[in-house]
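A short write-up of the structure that comes next.
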Amino acid sequence: MNILFAASEAVPYAASGGLADVVGSLPKKICAKGHDCRIVIPLYKTIGEEFRKEMTQITTITVDVSWRKQYCGIFTAEKNGIVYYFIDNEYYFARDGLYGFYDDCERFVFFSRAVLEMLRHIDFKPDIINANDWQTALIPVYYNVYYKYQQGYDQIKNIFTIHNIEYQGRYGREVLNELMGIPLYHANLLEYDGYINMMKGAVETADMITTVSPSYAWEILDPWFAHGLDRILVTKQYKLKGILNGIDYDVFDPEKDKQIAANYSAKNIEGKAACKNALITRLGLDDGDEPIIGIVTRFVGHKGIDLIRCVIEEIVHIGFKFAVLGSGEKIYEDFFREMAARHPGRISANIGFIPELSRQIYAGADMFLMPSQSEPCGLAQMISMRYGTIPIVRETGGLRDSVRDNGGENGNGFTFKTYNANDMLDAVKRAKKCYDDQQEWSELVERSMKCDYSWSTSADLYIETYKEILSK
């Protein structure tokens with residue numbers, strides 16, 4: 001099969017979150033299983049010169065953005081055995097950052113149309129186009145409106161993957177004619193609750209809708225999680241499927257990771273103690289064997305930081321230390337700064353994102369806290385288990401699908417159900433009780449490290465899904 005992944009970011013070229021990790025990792029595994037999977041992203045200004053030197057230009061074309069005709073350069077490069085395509089337009093993409101601009105709608109209207117126009121000029125015809133999140137949601141819409149019956153475009157199937165339903169690409173009705181160039185008689189594909197909703201258009205027109213975990217697939221049918229899209233998704237359940245994301249085991253490997261103090265594995269865990277001591281030294285935490293809770297996250301409401309605010313001092317008083325890394329809303333940044341000042345040696349707050357420190361927290365902490373209000377998939381809990389750091393999570397989305405409570409069979413972490421600070425505190429206390437039993441804790445760490453959350457299993461499920469669609 002030939003599969004084209006269309007996304008707004010992909011490692012190693014451009015990344016702002018988990019989407020880039022997924023798009024940069026999953027196609028590698030699909031290719032390793034005998035298929036031709038390629039990736040197309042915008043050519044952002046932030047893509048460095050060392051990458052640009054490896055690119056070759058295929059051609060230049062013009063792309064319709066409603067009544068405008070815009071320049072589009074098409075570049076290609078091969079990285080880690082994967083062919084990447086890059087859509088170039090400096091007016092849209094030569095900016096400091098990926099998103100958050102006043103004309104994001106126009107930028108990704110252009111990109112979606114350019115991806116389809118690109119197919120006329122490359123030596124690759126996809127059987128499947130897998131679009132990801134709202135930035136590429138117009139690809140299945142444009143395909144159905146303009147390209148489906150054109151020569152060279154026949155028999156292409158479209159999959160749309162929802163990574164985070166909160167961001168839907170909602171704009172005023174004027175963009176339909178002014179930017180998208182979609183006839184009014186097709187307006188019903190995109191209209192929703194008085195707006196033009198790009199994600200809704202993809203839900204209507206894609207052959208299959210996937211999400212990043214099985215639990216998230218049924219959660220988004222509930223108004224609590226769906227941010228308004230539940231009504232249309234309920235009518236499209238027949239083509240909705242959840243596939244749990246994975247992590248790149250070549251990138252996250254405690255046996256070979258050069259950014260941590262000592263290497264170790266599930267068979268020989270000794271190096272983890274050295275990683276803990278190095279983390280204590282780097283962050284200025286108190287010496288001693290008390291358990292360290294790691295937190296590496298964006299400081300936003302749905303990550304459950306309000307629960308941490310309620311009980312963090314009690315957690316410290318029962319014998320925990322905290323290693324915190326992240327940035328986001330100022331109220332949460334200030335909270336962690338205040339806690340670090342109030343409890344020196346017990347809480348270390350590191351505001352920002354420092355990649356090597358995140359690895360050192362994954363390796364050096366004993367537990368990893370993720371009390372999310374919602375979490376489509378989550379990768380941090382999988383990374384922490386890979387490094388033998390036991391996750392404490394709320395049962396939602398991909399956290400529910402990947403972490404099993406230690407009170408049950410084959411437990412690999414600690415979970416709590418309700419979005420309640422006392423329930424989270426109870427899970428933390430159970431983790432502390434287990435930690436104090438050296439034999440039980442060692443067995444739990446070994447079990448968690450042996451869990452397989454590599455992309456191999458997920459890739460098999462995606463390939464099955466592609467074959468299912470092509471057979472219809």
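Please note that chains go A, B, ... in the order of the structure tokens, that every chain numbers its residues from 1, and that ligands are numbered from 1 in the order shown.
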
Would you give me, as JSON lines, each residue of region 282-308 of chain A having an atom within 12 Å of an atom of region 430-440 of chain A, along with its shortest atom pair and that distance in Å to one decimal, using only C-alpha atoms and sorting by chain and residue number?
```
{"residue": "A:Asp289", "atom": "CA", "partner": "A:Asp436", "partner_atom": "CA", "distance": 10.1}
{"residue": "A:Glu290", "atom": "CA", "partner": "A:Tyr435", "partner_atom": "CA", "distance": 9.2}
{"residue": "A:Pro291", "atom": "CA", "partner": "A:Lys432", "partner_atom": "CA", "distance": 7.6}
{"residue": "A:Ile292", "atom": "CA", "partner": "A:Lys432", "partner_atom": "CA", "distance": 10.3}
{"residue": "A:Ile293", "atom": "CA", "partner": "A:Lys432", "partner_atom": "CA", "distance": 10.4}
```

Can you write out the residues you just picked, keeping C-alpha atoms, as a PDB file, in the first residue's frame?
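Saved file out-v4.pdb follows:
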```pdb
ATOM      1  CA  ASP A 289      15.705   7.637  49.540  1.00  0.00           C
ATOM      2  CA  GLU A 290      12.274   9.286  49.728  1.00  0.00           C
ATOM      3  CA  PRO A 291      10.335   8.767  46.489  1.00  0.00           C
ATOM      4  CA  ILE A 292      10.504  11.468  43.812  1.00  0.00           C
ATOM      5  CA  ILE A 293       7.365  12.295  41.817  1.00  0.00           C
TER       6      ILE A 293
END
```

TODO: Apply DSSP to the backbone of this structure and, from region 54-296 of chain A, keep only the residues in strand (DSSP E or B); write these as number ranges by chain.
DONE: A: 56-65, 68-79, 82-88, 128-132, 157-162, 170-171, 191-192, 195-197, 208-211, 240-242, 247, 292-296

Would you mind listing what lies within 12 Å of region 252-260 of chain A as number ranges by chain, with only C-alpha atoms counted and same-chain residues fewer than 3 positions away left out?
A: 21, 25, 246-249, 263-279, 282, 354-365, 379-380, 382-389, 449, 453-455

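Here CA of Ser372 (chain A) is placed at a distance of 25.3 Å from CA of Ile232 (chain A).
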
| Counting only C-alpha atoms, which of A:Asn412, A:Leu283, A:Gln135, A:Ser402 gets nearest to Lys450 (chain A)? |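 Closest candidate: A:Asn412.
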
Closest of A:Tyr13, A:Phe108, A:Tyr84, A:Phe51 to Met198 (chain A), counting only C-alpha atoms, is A:Phe108

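CA of Ser213 (chain A) is positioned 26.8 Å from CA of Phe111 (chain A).
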
Leaving out Met199 (chain A) and any residue of its chain fewer than 3 positions from it, which residues lie within 6 Å of it when counting only C-alpha atoms, given as an mmCIF file with N, CA and C atoms, in the first residue's frame?
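The resulting file, result-v2.cif, is reproduced below:
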```cif
data_model
loop_
_atom_site.group_PDB
_atom_site.id
_atom_site.type_symbol
_atom_site.label_atom_id
_atom_site.label_comp_id
_atom_site.auth_asym_id
_atom_site.auth_seq_id
_atom_site.Cartn_x
_atom_site.Cartn_y
_atom_site.Cartn_z
ATOM 1 N N TRP A 134 -7.097 19.506 12.812
ATOM 2 C CA TRP A 134 -7.861 20.481 12.034
ATOM 3 C C TRP A 134 -7.038 21.129 10.923
ATOM 4 N N ALA A 137 -7.708 19.163 7.971
ATOM 5 C CA ALA A 137 -9.069 18.626 7.890
ATOM 6 C C ALA A 137 -9.743 18.902 6.552
ATOM 7 N N GLN A 168 -10.604 22.670 16.668
ATOM 8 C CA GLN A 168 -11.422 22.188 15.557
ATOM 9 C C GLN A 168 -11.322 23.029 14.297
ATOM 10 N N ALA A 202 -14.163 17.287 7.909
ATOM 11 C CA ALA A 202 -13.434 16.032 7.761
ATOM 12 C C ALA A 202 -14.249 14.855 8.279
#
```

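Checking A:Ile162, A:Ala349, A:Glu49, A:Val316 one by one against Phe299 (chain A), counting only C-alpha atoms, you find the shortest gap at A:Ala349.
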
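Counting from CA of Ile159 (chain A), the distance to CA of Thr210 (chain A) is 7.3 Å.
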
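Among the candidates A:Thr76, A:Thr56, A:Asn144, A:Asn158, the one nearest to Asp207 (chain A) when counting only C-alpha atoms is A:Asn158.
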
Residue nearest Val296 (chain A) - candidates A:Asn197, A:Gln381, A:Thr46, A:Ser215, atoms counted: only C-alpha atoms =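 Among the listed residues, the smallest separation from Val296 (chain A) belongs to A:Gln381.
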
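Using only C-alpha atoms, the protein and nucleic acid residues lying no more than 12 Å from Tyr146 (chain A), apart from those fewer than 5 places from it along its own chain, are A:Asp64, A:Arg113, A:Leu116, A:Glu117, A:Leu138, A:Ile139, A:Pro140, A:Val141, A:Gln151, A:Tyr153, A:Asp154, A:Met180, A:Gly181, A:Ile182, A:Pro183, A:His186.
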
Any chance you can output those residues with C-alpha atoms as a PDB file, in the first residue's frame?
```pdb
ATOM      1  CA  ASP A  64      -5.900  28.290  -5.630  1.00  0.00           C
ATOM      2  CA  ARG A 113      -5.171  22.359  -1.207  1.00  0.00           C
ATOM      3  CA  LEU A 116      -3.713  17.502  -3.209  1.00  0.00           C
ATOM      4  CA  GLU A 117      -2.225  19.582  -6.049  1.00  0.00           C
ATOM      5  CA  LEU A 138      -9.892  20.219   4.525  1.00  0.00           C
ATOM      6  CA  ILE A 139      -7.987  17.541   2.587  1.00  0.00           C
ATOM      7  CA  PRO A 140     -10.891  15.028   2.593  1.00  0.00           C
ATOM      8  CA  VAL A 141     -13.323  17.920   2.004  1.00  0.00           C
ATOM      9  CA  GLN A 151      -7.879  11.592 -13.636  1.00  0.00           C
ATOM     10  CA  TYR A 153      -7.104  10.877  -8.193  1.00  0.00           C
ATOM     11  CA  ASP A 154      -9.540   8.015  -8.489  1.00  0.00           C
ATOM     12  CA  MET A 180     -11.822  28.157   0.958  1.00  0.00           C
ATOM     13  CA  GLY A 181     -13.486  28.678  -2.403  1.00  0.00           C
ATOM     14  CA  ILE A 182     -16.075  26.005  -1.649  1.00  0.00           C
ATOM     15  CA  PRO A 183     -19.443  26.483  -3.403  1.00  0.00           C
ATOM     16  CA  HIS A 186     -21.480  22.320  -0.333  1.00  0.00           C
TER      17      HIS A 186
END
```
